[in-house]
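For reference, final03.pdb (PDB, C-alpha atoms):
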ATOM      1  CA  MET O  21     167.174  92.104 192.904  1.00  0.00           C
ATOM      2  CA  HIS O  22     165.948  92.207 189.330  1.00  0.00           C
ATOM      3  CA  THR O  23     162.199  91.997 188.803  1.00  0.00           C
ATOM      4  CA  GLY O  24     160.657  90.857 185.556  1.00  0.00           C
ATOM      5  CA  PRO O  25     157.669  92.303 183.676  1.00  0.00           C
ATOM      6  CA  LEU O  26     155.300  89.745 185.208  1.00  0.00           C
ATOM      7  CA  GLN O  27     156.371  90.616 188.756  1.00  0.00           C
ATOM      8  CA  ASN O  28     155.989  94.316 188.021  1.00  0.00           C
ATOM      9  CA  LEU O  29     152.515  93.663 186.635  1.00  0.00           C
ATOM     10  CA  VAL O  30     151.509  91.699 189.734  1.00  0.00           C
ATOM     11  CA  LYS O  31     152.810  94.480 191.997  1.00  0.00           C
ATOM     12  CA  ALA O  32     150.976  97.122 189.998  1.00  0.00           C
ATOM     13  CA  LEU O  33     147.766  95.090 190.094  1.00  0.00           C
ATOM     14  CA  GLY O  34     148.078  94.562 193.858  1.00  0.00           C
ATOM     15  CA  ALA O  35     148.611  98.272 194.453  1.00  0.00           C
ATOM     16  CA  SER O  36     145.683  99.061 192.176  1.00  0.00           C
ATOM     17  CA  LEU O  37     143.406  96.632 194.052  1.00  0.00           C
ATOM     18  CA  LEU O  38     144.278  98.310 197.344  1.00  0.00           C
ATOM     19  CA  GLY O  39     143.663 101.702 195.768  1.00  0.00           C
ATOM     20  CA  ALA O  40     140.300 100.590 194.391  1.00  0.00           C
ATOM     21  CA  CYS O  41     139.228  99.331 197.826  1.00  0.00           C
ATOM     22  CA  ARG O  42     140.287 102.614 199.391  1.00  0.00           C
ATOM     23  CA  ASP O  43     138.469 104.671 196.747  1.00  0.00           C
ATOM     24  CA  LEU O  44     135.240 102.700 197.078  1.00  0.00           C
ATOM     25  CA  ALA O  45     135.303 102.531 200.882  1.00  0.00           C
ATOM     26  CA  PRO O  46     133.561 105.891 201.512  1.00  0.00           C
ATOM     27  CA  ILE O  47     130.514 105.108 199.365  1.00  0.00           C
ATOM     28  CA  VAL O  48     130.271 101.589 200.827  1.00  0.00           C
ATOM     29  CA  ILE O  49     130.367 103.020 204.357  1.00  0.00           C
ATOM     30  CA  VAL O  50     127.711 105.634 203.531  1.00  0.00           C
ATOM     31  CA  ILE O  51     125.349 103.085 201.991  1.00  0.00           C
ATOM     32  CA  THR O  52     125.856 100.655 204.878  1.00  0.00           C
ATOM     33  CA  LEU O  53     125.231 103.292 207.553  1.00  0.00           C
ATOM     34  CA  PHE O  54     122.068 104.569 205.893  1.00  0.00           C
ATOM     35  CA  GLN O  55     120.781 101.051 205.259  1.00  0.00           C
ATOM     36  CA  LEU O  56     121.333  99.844 208.828  1.00  0.00           C
ATOM     37  CA  LEU O  57     120.923 102.996 210.938  1.00  0.00           C
ATOM     38  CA  ILE O  58     118.443 105.145 209.002  1.00  0.00           C
ATOM     39  CA  LEU O  59     116.344 102.673 207.032  1.00  0.00           C
ATOM     40  CA  ARG O  60     116.999  99.931 209.615  1.00  0.00           C
ATOM     41  CA  GLN O  61     116.635  97.160 207.113  1.00  0.00           C
ATOM     42  CA  PRO O  62     118.981  94.361 206.110  1.00  0.00           C
ATOM     43  CA  PHE O  63     120.573  94.434 202.705  1.00  0.00           C
ATOM     44  CA  PRO O  64     118.364  92.790 200.093  1.00  0.00           C
ATOM     45  CA  GLU O  65     120.143  89.900 198.370  1.00  0.00           C
ATOM     46  CA  LEU O  66     123.395  90.405 200.268  1.00  0.00           C
ATOM     47  CA  VAL O  67     125.397  87.782 198.337  1.00  0.00           C
ATOM     48  CA  PRO O  68     124.749  89.301 194.875  1.00  0.00           C
ATOM     49  CA  VAL O  69     125.527  92.764 196.269  1.00  0.00           C
ATOM     50  CA  LEU O  70     128.859  91.641 197.714  1.00  0.00           C
ATOM     51  CA  SER O  71     129.679  89.734 194.525  1.00  0.00           C
ATOM     52  CA  GLY O  72     128.945  92.802 192.433  1.00  0.00           C
ATOM     53  CA  LEU O  73     131.071  94.979 194.693  1.00  0.00           C
ATOM     54  CA  ALA O  74     133.989  92.554 194.358  1.00  0.00           C
ATOM     55  CA  LEU O  75     133.648  92.646 190.569  1.00  0.00           C
ATOM     56  CA  VAL O  76     133.637  96.443 190.639  1.00  0.00           C
ATOM     57  CA  VAL O  77     136.862  96.483 192.680  1.00  0.00           C
ATOM     58  CA  VAL O  78     138.591  94.019 190.357  1.00  0.00           C
ATOM     59  CA  GLY O  79     137.313  95.775 187.239  1.00  0.00           C
ATOM     60  CA  LEU O  80     138.425  99.183 188.465  1.00  0.00           C
ATOM     61  CA  ALA O  81     141.868  97.842 189.385  1.00  0.00           C
ATOM     62  CA  LEU O  82     142.327  96.198 185.993  1.00  0.00           C
ATOM     63  CA  PHE O  83     141.147  99.346 184.243  1.00  0.00           C
ATOM     64  CA  VAL O  84     143.642 101.556 186.089  1.00  0.00           C
ATOM     65  CA  VAL O  85     146.533  99.175 185.408  1.00  0.00           C
ATOM     66  CA  GLY O  86     145.502  98.947 181.756  1.00  0.00           C
ATOM     67  CA  LEU O  87     145.599 102.731 181.472  1.00  0.00           C
ATOM     68  CA  ASP O  88     149.068 102.925 183.010  1.00  0.00           C
ATOM     69  CA  ILE O  89     150.701 100.184 180.955  1.00  0.00           C
ATOM     70  CA  GLY O  90     148.714 100.468 177.728  1.00  0.00           C
ATOM     71  CA  LEU O  91     146.548 103.420 176.766  1.00  0.00           C
ATOM     72  CA  PHE O  92     148.576 106.300 178.207  1.00  0.00           C
ATOM     73  CA  PRO O  93     151.929 105.170 176.735  1.00  0.00           C
ATOM     74  CA  LEU O  94     150.255 104.370 173.408  1.00  0.00           C
ATOM     75  CA  GLY O  95     148.599 107.778 173.136  1.00  0.00           C
ATOM     76  CA  GLU O  96     151.773 109.647 174.042  1.00  0.00           C
ATOM     77  CA  ALA O  97     153.888 107.582 171.647  1.00  0.00           C
ATOM     78  CA  LEU O  98     151.511 108.214 168.734  1.00  0.00           C
ATOM     79  CA  ALA O  99     151.433 111.947 169.434  1.00  0.00           C
ATOM     80  CA  GLU O 100     155.214 112.146 169.626  1.00  0.00           C
ATOM     81  CA  GLU O 101     155.672 110.226 166.370  1.00  0.00           C
ATOM     82  CA  PHE O 102     153.221 112.456 164.483  1.00  0.00           C
ATOM     83  CA  ALA O 103     154.909 115.566 165.870  1.00  0.00           C
ATOM     84  CA  ARG O 104     158.354 114.348 164.831  1.00  0.00           C
ATOM     85  CA  LYS O 105     157.199 113.518 161.301  1.00  0.00           C
ATOM     86  CA  GLY O 106     155.933 117.089 160.954  1.00  0.00           C
ATOM     87  CA  SER O 107     152.821 116.185 158.941  1.00  0.00           C
ATOM     88  CA  LEU O 108     150.102 118.578 160.098  1.00  0.00           C
ATOM     89  CA  VAL O 109     147.433 117.092 157.836  1.00  0.00           C
ATOM     90  CA  TRP O 110     147.881 113.538 159.074  1.00  0.00           C
ATOM     91  CA  LEU O 111     148.137 114.722 162.671  1.00  0.00           C
ATOM     92  CA  LEU O 112     144.780 116.486 162.355  1.00  0.00           C
ATOM     93  CA  VAL O 113     143.236 113.493 160.589  1.00  0.00           C
ATOM     94  CA  PHE O 114     144.468 111.269 163.396  1.00  0.00           C
ATOM     95  CA  ALA O 115     143.154 113.701 166.031  1.00  0.00           C
ATOM     96  CA  PHE O 116     139.703 113.756 164.434  1.00  0.00           C
ATOM     97  CA  ALA O 117     139.618 109.972 164.012  1.00  0.00           C
ATOM     98  CA  LEU O 118     140.715 109.481 167.621  1.00  0.00           C
ATOM     99  CA  GLY O 119     138.037 111.811 168.958  1.00  0.00           C
ATOM    100  CA  PHE O 120     135.316 110.371 166.762  1.00  0.00           C
ATOM    101  CA  GLY O 121     136.286 106.717 167.238  1.00  0.00           C
ATOM    102  CA  THR O 122     136.651 106.787 171.015  1.00  0.00           C
ATOM    103  CA  THR O 123     133.433 108.755 171.495  1.00  0.00           C
ATOM    104  CA  VAL O 124     131.210 106.669 169.261  1.00  0.00           C
ATOM    105  CA  ALA O 125     132.235 103.617 171.302  1.00  0.00           C
ATOM    106  CA  GLU O 126     131.661 105.328 174.664  1.00  0.00           C
ATOM    107  CA  PRO O 127     129.297 103.139 176.755  1.00  0.00           C
ATOM    108  CA  ALA O 128     127.871 106.103 178.678  1.00  0.00           C
ATOM    109  CA  LEU O 129     127.071 107.919 175.441  1.00  0.00           C
ATOM    110  CA  ILE O 130     125.282 104.876 174.046  1.00  0.00           C
ATOM    111  CA  ALA O 131     123.177 104.599 177.193  1.00  0.00           C
ATOM    112  CA  VAL O 132     122.221 108.289 177.352  1.00  0.00           C
ATOM    113  CA  THR O 133     121.354 108.591 173.659  1.00  0.00           C
ATOM    114  CA  ARG O 134     119.196 105.476 173.928  1.00  0.00           C
ATOM    115  CA  GLU O 135     117.305 106.940 176.892  1.00  0.00           C
ATOM    116  CA  GLY O 136     117.025 110.281 175.134  1.00  0.00           C
ATOM    117  CA  ALA O 137     115.511 108.626 172.088  1.00  0.00           C
ATOM    118  CA  ARG O 138     112.982 106.755 174.216  1.00  0.00           C
ATOM    119  CA  ALA O 139     111.994 109.969 175.984  1.00  0.00           C
ATOM    120  CA  ALA O 140     111.610 111.762 172.656  1.00  0.00           C
ATOM    121  CA  ALA O 141     109.356 108.968 171.417  1.00  0.00           C
ATOM    122  CA  GLU O 142     107.209 109.069 174.546  1.00  0.00           C
ATOM    123  CA  ALA O 143     106.884 112.853 174.183  1.00  0.00           C
ATOM    124  CA  GLY O 144     105.678 112.464 170.598  1.00  0.00           C
ATOM    125  CA  LEU O 145     108.694 114.167 169.032  1.00  0.00           C
ATOM    126  CA  ILE O 146     109.478 111.087 166.945  1.00  0.00           C
ATOM    127  CA  GLU O 147     107.546 107.974 166.029  1.00  0.00           C
ATOM    128  CA  ASN O 148     107.272 105.577 168.944  1.00  0.00           C
ATOM    129  CA  ILE O 149     108.522 102.570 167.028  1.00  0.00           C
ATOM    130  CA  PRO O 150     111.850 100.746 167.506  1.00  0.00           C
ATOM    131  CA  ALA O 151     113.226 101.763 164.107  1.00  0.00           C
ATOM    132  CA  ALA O 152     112.594 105.477 164.694  1.00  0.00           C
ATOM    133  CA  VAL O 153     113.956 105.332 168.247  1.00  0.00           C
ATOM    134  CA  ASN O 154     117.138 103.556 167.144  1.00  0.00           C
ATOM    135  CA  ARG O 155     117.615 105.952 164.230  1.00  0.00           C
ATOM    136  CA  TYR O 156     117.218 109.009 166.457  1.00  0.00           C
ATOM    137  CA  ALA O 157     119.669 107.601 169.024  1.00  0.00           C
ATOM    138  CA  LEU O 158     122.196 106.847 166.279  1.00  0.00           C
ATOM    139  CA  HIS O 159     121.924 110.349 164.807  1.00  0.00           C
ATOM    140  CA  VAL O 160     122.496 111.968 168.196  1.00  0.00           C
ATOM    141  CA  ARG O 161     125.385 109.615 168.927  1.00  0.00           C
ATOM    142  CA  LEU O 162     127.082 110.343 165.595  1.00  0.00           C
ATOM    143  CA  THR O 163     126.543 114.072 166.100  1.00  0.00           C
ATOM    144  CA  VAL O 164     128.274 113.913 169.469  1.00  0.00           C
ATOM    145  CA  ALA O 165     131.137 111.837 168.046  1.00  0.00           C
ATOM    146  CA  LEU O 166     131.543 114.342 165.210  1.00  0.00           C
ATOM    147  CA  SER O 167     131.629 117.205 167.706  1.00  0.00           C
ATOM    148  CA  VAL O 168     134.334 115.547 169.796  1.00  0.00           C
ATOM    149  CA  GLY O 169     136.396 114.900 166.665  1.00  0.00           C
ATOM    150  CA  VAL O 170     136.177 118.594 165.830  1.00  0.00           C
ATOM    151  CA  ALA O 171     137.043 119.486 169.448  1.00  0.00           C
ATOM    152  CA  ILE O 172     140.206 117.360 169.399  1.00  0.00           C
ATOM    153  CA  VAL O 173     141.289 118.943 166.113  1.00  0.00           C
ATOM    154  CA  LEU O 174     140.738 122.388 167.631  1.00  0.00           C
ATOM    155  CA  GLY O 175     142.657 121.339 170.741  1.00  0.00           C
ATOM    156  CA  VAL O 176     145.603 120.053 168.712  1.00  0.00           C
ATOM    157  CA  LEU O 177     145.711 123.296 166.722  1.00  0.00           C
ATOM    158  CA  ARG O 178     145.660 125.198 170.007  1.00  0.00           C
ATOM    159  CA  ILE O 179     148.709 123.290 171.229  1.00  0.00           C
ATOM    160  CA  LEU O 180     150.539 123.780 167.941  1.00  0.00           C
ATOM    161  CA  ARG O 181     149.709 127.482 167.569  1.00  0.00           C
ATOM    162  CA  GLY O 182     149.799 128.437 171.243  1.00  0.00           C
ATOM    163  CA  TRP O 183     146.219 129.750 171.338  1.00  0.00           C
ATOM    164  CA  SER O 184     144.716 130.780 174.656  1.00  0.00           C
ATOM    165  CA  LEU O 185     142.624 128.010 176.204  1.00  0.00           C
ATOM    166  CA  PRO O 186     140.590 130.320 178.502  1.00  0.00           C
ATOM    167  CA  LYS O 187     139.508 132.481 175.564  1.00  0.00           C
ATOM    168  CA  ILE O 188     138.369 129.438 173.572  1.00  0.00           C
ATOM    169  CA  VAL O 189     136.502 127.903 176.506  1.00  0.00           C
ATOM    170  CA  VAL O 190     134.827 131.166 177.592  1.00  0.00           C
ATOM    171  CA  GLY O 191     133.848 131.945 174.009  1.00  0.00           C
ATOM    172  CA  GLY O 192     132.457 128.466 173.593  1.00  0.00           C
ATOM    173  CA  TYR O 193     130.311 128.651 176.706  1.00  0.00           C
ATOM    174  CA  VAL O 194     129.014 132.086 175.693  1.00  0.00           C
ATOM    175  CA  LEU O 195     127.910 130.439 172.441  1.00  0.00           C
ATOM    176  CA  VAL O 196     126.288 127.618 174.439  1.00  0.00           C
ATOM    177  CA  MET O 197     124.344 130.138 176.524  1.00  0.00           C
ATOM    178  CA  VAL O 198     123.151 131.993 173.438  1.00  0.00           C
ATOM    179  CA  MET O 199     122.128 128.780 171.689  1.00  0.00           C
ATOM    180  CA  THR O 200     120.234 127.680 174.799  1.00  0.00           C
ATOM    181  CA  LEU O 201     117.865 130.611 174.233  1.00  0.00           C
ATOM    182  CA  PHE O 202     117.004 129.469 170.710  1.00  0.00           C
ATOM    183  CA  ALA O 203     117.326 125.677 170.819  1.00  0.00           C
ATOM    184  CA  PRO O 204     114.160 123.595 171.343  1.00  0.00           C
ATOM    185  CA  LYS O 205     113.604 123.090 175.055  1.00  0.00           C
ATOM    186  CA  GLU O 206     113.217 119.343 174.470  1.00  0.00           C
ATOM    187  CA  ILE O 207     116.873 119.045 173.405  1.00  0.00           C
ATOM    188  CA  VAL O 208     118.616 121.433 175.829  1.00  0.00           C
ATOM    189  CA  GLY O 209     118.783 119.102 178.824  1.00  0.00           C
ATOM    190  CA  LEU O 210     119.961 116.192 176.693  1.00  0.00           C
ATOM    191  CA  ALA O 211     122.610 118.386 175.059  1.00  0.00           C
ATOM    192  CA  TYR O 212     123.961 119.475 178.439  1.00  0.00           C
ATOM    193  CA  ASP O 213     124.123 115.896 179.720  1.00  0.00           C
ATOM    194  CA  LEU O 214     125.853 114.698 176.575  1.00  0.00           C
ATOM    195  CA  GLY O 215     128.569 117.263 177.204  1.00  0.00           C
ATOM    196  CA  GLY O 216     129.480 115.288 180.306  1.00  0.00           C
ATOM    197  CA  VAL O 217     129.156 111.681 179.211  1.00  0.00           C
ATOM    198  CA  THR O 218     131.440 112.087 176.190  1.00  0.00           C
ATOM    199  CA  THR O 219     134.488 112.358 178.437  1.00  0.00           C
ATOM    200  CA  SER O 220     134.401 108.989 180.125  1.00  0.00           C
ATOM    201  CA  THR O 221     136.362 105.750 180.357  1.00  0.00           C
ATOM    202  CA  VAL O 222     137.289 105.306 176.695  1.00  0.00           C
ATOM    203  CA  THR O 223     137.837 108.877 175.541  1.00  0.00           C
ATOM    204  CA  VAL O 224     139.712 110.502 178.416  1.00  0.00           C
ATOM    205  CA  PRO O 225     142.877 108.331 178.583  1.00  0.00           C
ATOM    206  CA  LEU O 226     143.773 108.498 174.891  1.00  0.00           C
ATOM    207  CA  VAL O 227     142.819 112.142 174.429  1.00  0.00           C
ATOM    208  CA  THR O 228     144.752 113.227 177.520  1.00  0.00           C
ATOM    209  CA  ALA O 229     147.787 111.235 176.418  1.00  0.00           C
ATOM    210  CA  LEU O 230     147.585 112.826 172.966  1.00  0.00           C
ATOM    211  CA  GLY O 231     147.649 116.350 174.385  1.00  0.00           C
ATOM    212  CA  VAL O 232     150.451 115.686 176.867  1.00  0.00           C
ATOM    213  CA  GLY O 233     152.511 113.835 174.257  1.00  0.00           C
ATOM    214  CA  LEU O 234     152.227 116.698 171.773  1.00  0.00           C
ATOM    215  CA  ALA O 235     153.095 119.358 174.322  1.00  0.00           C
ATOM    216  CA  ARG O 236     156.076 117.326 175.491  1.00  0.00           C
ATOM    217  CA  THR O 237     157.415 116.918 171.940  1.00  0.00           C
ATOM    218  CA  ILE O 238     156.901 120.402 170.513  1.00  0.00           C
ATOM    219  CA  ARG O 239     159.589 122.894 171.409  1.00  0.00           C
ATOM    220  CA  GLY O 240     158.391 125.798 173.509  1.00  0.00           C
ATOM    221  CA  ARG O 241     155.324 123.969 174.869  1.00  0.00           C
ATOM    222  CA  ASN O 242     154.789 123.020 178.488  1.00  0.00           C
ATOM    223  CA  PRO O 243     152.929 119.730 179.098  1.00  0.00           C
ATOM    224  CA  LEU O 244     151.328 121.152 182.233  1.00  0.00           C
ATOM    225  CA  THR O 245     149.991 124.373 180.722  1.00  0.00           C
ATOM    226  CA  ASP O 246     149.601 123.346 177.071  1.00  0.00           C
ATOM    227  CA  GLY O 247     149.062 119.589 177.228  1.00  0.00           C
ATOM    228  CA  PHE O 248     145.757 119.672 179.067  1.00  0.00           C
ATOM    229  CA  GLY O 249     142.476 121.221 177.986  1.00  0.00           C
ATOM    230  CA  LEU O 250     141.411 118.790 175.266  1.00  0.00           C
ATOM    231  CA  ILE O 251     138.874 117.209 177.605  1.00  0.00           C
ATOM    232  CA  ALA O 252     137.325 120.624 178.310  1.00  0.00           C
ATOM    233  CA  LEU O 253     136.829 121.190 174.590  1.00  0.00           C
ATOM    234  CA  ALA O 254     135.460 117.666 174.169  1.00  0.00           C
ATOM    235  CA  SER O 255     132.843 118.457 176.821  1.00  0.00           C
ATOM    236  CA  LEU O 256     131.956 121.806 175.273  1.00  0.00           C
ATOM    237  CA  THR O 257     131.374 121.035 171.597  1.00  0.00           C
ATOM    238  CA  PRO O 258     128.724 118.290 172.040  1.00  0.00           C
ATOM    239  CA  MET O 259     126.357 120.794 173.652  1.00  0.00           C
ATOM    240  CA  ILE O 260     126.686 123.094 170.644  1.00  0.00           C
ATOM    241  CA  PHE O 261     126.375 120.370 168.020  1.00  0.00           C
ATOM    242  CA  VAL O 262     123.395 118.640 169.673  1.00  0.00           C
ATOM    243  CA  MET O 263     121.503 121.912 170.023  1.00  0.00           C
ATOM    244  CA  VAL O 264     122.164 122.617 166.340  1.00  0.00           C
ATOM    245  CA  LEU O 265     120.807 119.141 165.568  1.00  0.00           C
ATOM    246  CA  GLY O 266     117.747 119.962 167.654  1.00  0.00           C
ATOM    247  CA  LEU O 267     117.096 123.082 165.603  1.00  0.00           C
ATOM    248  CA  PHE O 268     116.920 120.961 162.450  1.00  0.00           C
ATOM    249  CA  VAL O 269     115.142 117.903 163.869  1.00  0.00           C
ATOM    250  CA  HIS O 270     112.601 119.540 166.164  1.00  0.00           C
TER     251      HIS O 270
END
Go through the file and emit its structure as structure tokens.
Amino acid sequence: MHTGPLQNLVKALGASLLGACRDLAPIVIVITLFQLLILRQPFPELVPVLSGLALVVVGLALFVVGLDIGLFPLGEALAEEFARKGSLVWLLVFAFALGFGTTVAEPALIAVTREGARAAAEAGLIENIPAAVNRYALHVRLTVALSVGVAIVLGVLRILRGWSLPKIVVGGYVLVMVMTLFAPKEIVGLAYDLGGVTTSTVTVPLVTALGVGLARTIRGRNPLTDGFGLIALASLTPMIFVMVLGLFVH
């Protein structure tokens, strides 16, 4: 029996809802057990908590379906088209723009840079006024976005040239360790955290699809061994760039 696009979408959404419930079940069970058996207290504001949990389940399900039917195919299709056209310059420009654009819009990055700016103001590193706090947060955010753009360009070149990913990653982390010794202590923790938050809900799907799409299109490349690794580079470069920023700012 033939099924249309709408039926396929409904089936995918139903499967994703079940998957979201299954994925969230362990943390719900842990919280419930500790609340009732260890703390021995009822849940505060039970209705809002349950409502929020339902929204999380629905949101997660919609997000997963959106990745499968939208972002992943789009990223792979763009990578394949650029590879077929054979324009290295435009491919690298696209890679940088993709890394920069997805990172600068990353909600987790916005939140962490805002908190980092507030902490810097409270510590007396910058003026404790809204304009200075917002400016500092924006500078850190743009620095991280720039670093991810550079990382994606490096990752694309690695796929094209067949460079060794372990050598690049190990060399990068050696540089991070060395820079940690010289960077201002006030910026080190923030730099390390920013290395993690850059690879979140917006960045990961498109960047992963770009790498896999390129490796699948280029002759002699294996999507499994060559297509992945861009996320590792996108987590590495922000630590370096933010510590360099700290050397100039602090």
Ref. answer, residues at most 12 Å from (152.9, 94.7, 189.1) with all atoms listed in the file, as a list of chain:residue names: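 Every residue inside that radius is included here: O:Thr23, O:Gly24, O:Pro25, O:Leu26, O:Gln27, O:Asn28, O:Leu29, O:Val30, O:Lys31, O:Ala32, O:Leu33, O:Gly34, O:Ala35, O:Ser36, O:Leu37, O:Ala81, O:Leu82, O:Val84, O:Val85, O:Gly86, O:Asp88, O:Ile89.
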Non-local contacts of stretch 123-134 of chain O (9 Å; all atoms listed in the file; under 4 positions in same chain excluded) as a list in words: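 Neighbouring residues, sequence-local ones excluded: Leu118, Gly119, Arg138, Ala139, Val153, Asn154, Tyr156, Ala157, Leu158, Val160, Arg161, Leu162, Val164, Ala165, Leu166, Val168, Gly169, Leu210, Asp213, Leu214, Val217, Thr218, Thr219, Ser220, Thr221, Val222 and Thr223 of chain O.
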Atom CA of O:Glu147 to atom CA of O:Val264, distance in Å rounded to a single decimal: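 Rounded to one decimal, the two atoms are 20.7 Å apart.
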Would you list the contacts of O:Glu101 as a short mmCIF file (atom, residue, chain, number, x, y, z; two decimals) with C-alpha atoms, in the frame of the given file, taking every protein, DNA or RNA residue within 12 Å and counting all atoms listed in the file, but skipping same-chain residues closer than 2 positions in sequence?
data_model
loop_
_atom_site.label_atom_id
_atom_site.label_comp_id
_atom_site.auth_asym_id
_atom_site.auth_seq_id
_atom_site.Cartn_x
_atom_site.Cartn_y
_atom_site.Cartn_z
CA LEU O 94 150.26 104.37 173.41
CA GLY O 95 148.60 107.78 173.14
CA GLU O 96 151.77 109.65 174.04
CA ALA O 97 153.89 107.58 171.65
CA LEU O 98 151.51 108.21 168.73
CA ALA O 99 151.43 111.95 169.43
CA ALA O 103 154.91 115.57 165.87
CA ARG O 104 158.35 114.35 164.83
CA LYS O 105 157.20 113.52 161.30
CA GLY O 106 155.93 117.09 160.95
CA SER O 107 152.82 116.18 158.94
CA LEU O 108 150.10 118.58 160.10
CA TRP O 110 147.88 113.54 159.07
CA LEU O 111 148.14 114.72 162.67
CA PHE O 114 144.47 111.27 163.40
CA LEU O 230 147.58 112.83 172.97
CA GLY O 233 152.51 113.84 174.26
CA LEU O 234 152.23 116.70 171.77
CA ARG O 236 156.08 117.33 175.49
CA THR O 237 157.42 116.92 171.94
CA ILE O 238 156.90 120.40 170.51
#
Test item: the PyMOL selection byres ((chain O and resi 258) around 7) resolved as a PyMOL selection string: chain O and resi 164+167-168+211+214-215+255-257+259-262
Residue members of the PyMOL selection byres ((chain O and resi 244) around 12) in the file shown, as a list in words: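 Answer for the PyMOL selection byres ((chain O and resi 244) around 12): Ile179, Thr228, Gly231, Val232, Gly233, Leu234, Ala235, Arg236, Arg241, Asn242, Pro243, Thr245, Asp246, Gly247, Phe248 and Gly249 of chain O.
Considering only C-alpha atoms, the residue among O:Val194, O:Ala171, O:Ala45, O:Ala152 positioned nearest to O:Val77 is O:Ala45.
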Atom-to-atom span, atom CA of O:Thr163 and atom CA of O:Tyr212, Å: 13.7 Å
Nearest candidate to O:Leu91 (options O:Val189, O:Thr122, O:Lys205, O:Leu253; using all atoms listed in the file): O:Thr122
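Interatomic distance, atom CA of O:Glu142 against atom CA of O:Ile207: 13.9 Å.
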Pick from O:Val78, O:Val113, O:Leu87, O:Ile188, whichever lies nearest to O:Val224 using only C-alpha atoms: O:Leu87
Residue contacts of O:Val173 (7 Å, only C-alpha atoms) excluding same-chain residues fewer than 5 positions away, as a ChimeraX atom specification: /O:112,115-116
For O:Gly266, the nearest of the candidates O:Ala141, O:Leu80, O:Val48, O:Met199, counting all atoms listed in the file: O:Met199
Best match for closeness to O:Leu201 among O:Leu267, O:Leu226, O:Leu177, O:Leu56, counting all atoms listed in the file: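 Checking each of O:Leu267, O:Leu226, O:Leu177, O:Leu56 against O:Leu201, counting all atoms listed in the file, the winner is O:Leu267.
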Please write out, as lines of an AutoDock Vina configuration file, where the centre of an axis-aligned box around all listed atoms of stretch 54-59 of chain O lies and how long its edges are, in Å to one decimal, after adding 4 Å on each side.
center_x = 119.2
center_y = 102.5
center_z = 208.1
size_x = 13.7
size_y = 13.3
size_z = 13.7
Should you be able to, write stretch 37-41 of chain O of this structure into a file that contains all heavy atoms, as a short mmCIF file (atom, residue, chain, number, x, y, z; two decimals), in the first residue's frame.
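Output (out_23.cif):
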data_model
loop_
_atom_site.label_atom_id
_atom_site.label_comp_id
_atom_site.auth_asym_id
_atom_site.auth_seq_id
_atom_site.Cartn_x
_atom_site.Cartn_y
_atom_site.Cartn_z
N LEU O 37 8.56 10.54 18.85
CA LEU O 37 7.96 10.79 20.17
C LEU O 37 8.23 9.63 21.12
O LEU O 37 8.58 9.83 22.30
CB LEU O 37 6.46 11.02 20.03
CG LEU O 37 6.01 12.39 19.51
CD1 LEU O 37 4.53 12.39 19.18
CD2 LEU O 37 6.32 13.47 20.56
N LEU O 38 8.07 8.40 20.62
CA LEU O 38 8.37 7.24 21.45
C LEU O 38 9.84 7.21 21.84
O LEU O 38 10.20 6.90 22.99
CB LEU O 38 8.00 5.95 20.70
CG LEU O 38 6.50 5.70 20.49
CD1 LEU O 38 6.30 4.45 19.64
CD2 LEU O 38 5.79 5.56 21.83
N GLY O 39 10.70 7.55 20.89
CA GLY O 39 12.13 7.58 21.18
C GLY O 39 12.49 8.64 22.20
O GLY O 39 13.33 8.41 23.08
N ALA O 40 11.83 9.81 22.10
CA ALA O 40 12.09 10.88 23.06
C ALA O 40 11.66 10.47 24.47
O ALA O 40 12.35 10.74 25.45
CB ALA O 40 11.38 12.15 22.63
N CYS O 41 10.50 9.81 24.56
CA CYS O 41 10.04 9.33 25.88
C CYS O 41 11.02 8.31 26.45
O CYS O 41 11.34 8.34 27.65
CB CYS O 41 8.66 8.70 25.74
SG CYS O 41 7.34 9.88 25.35
#
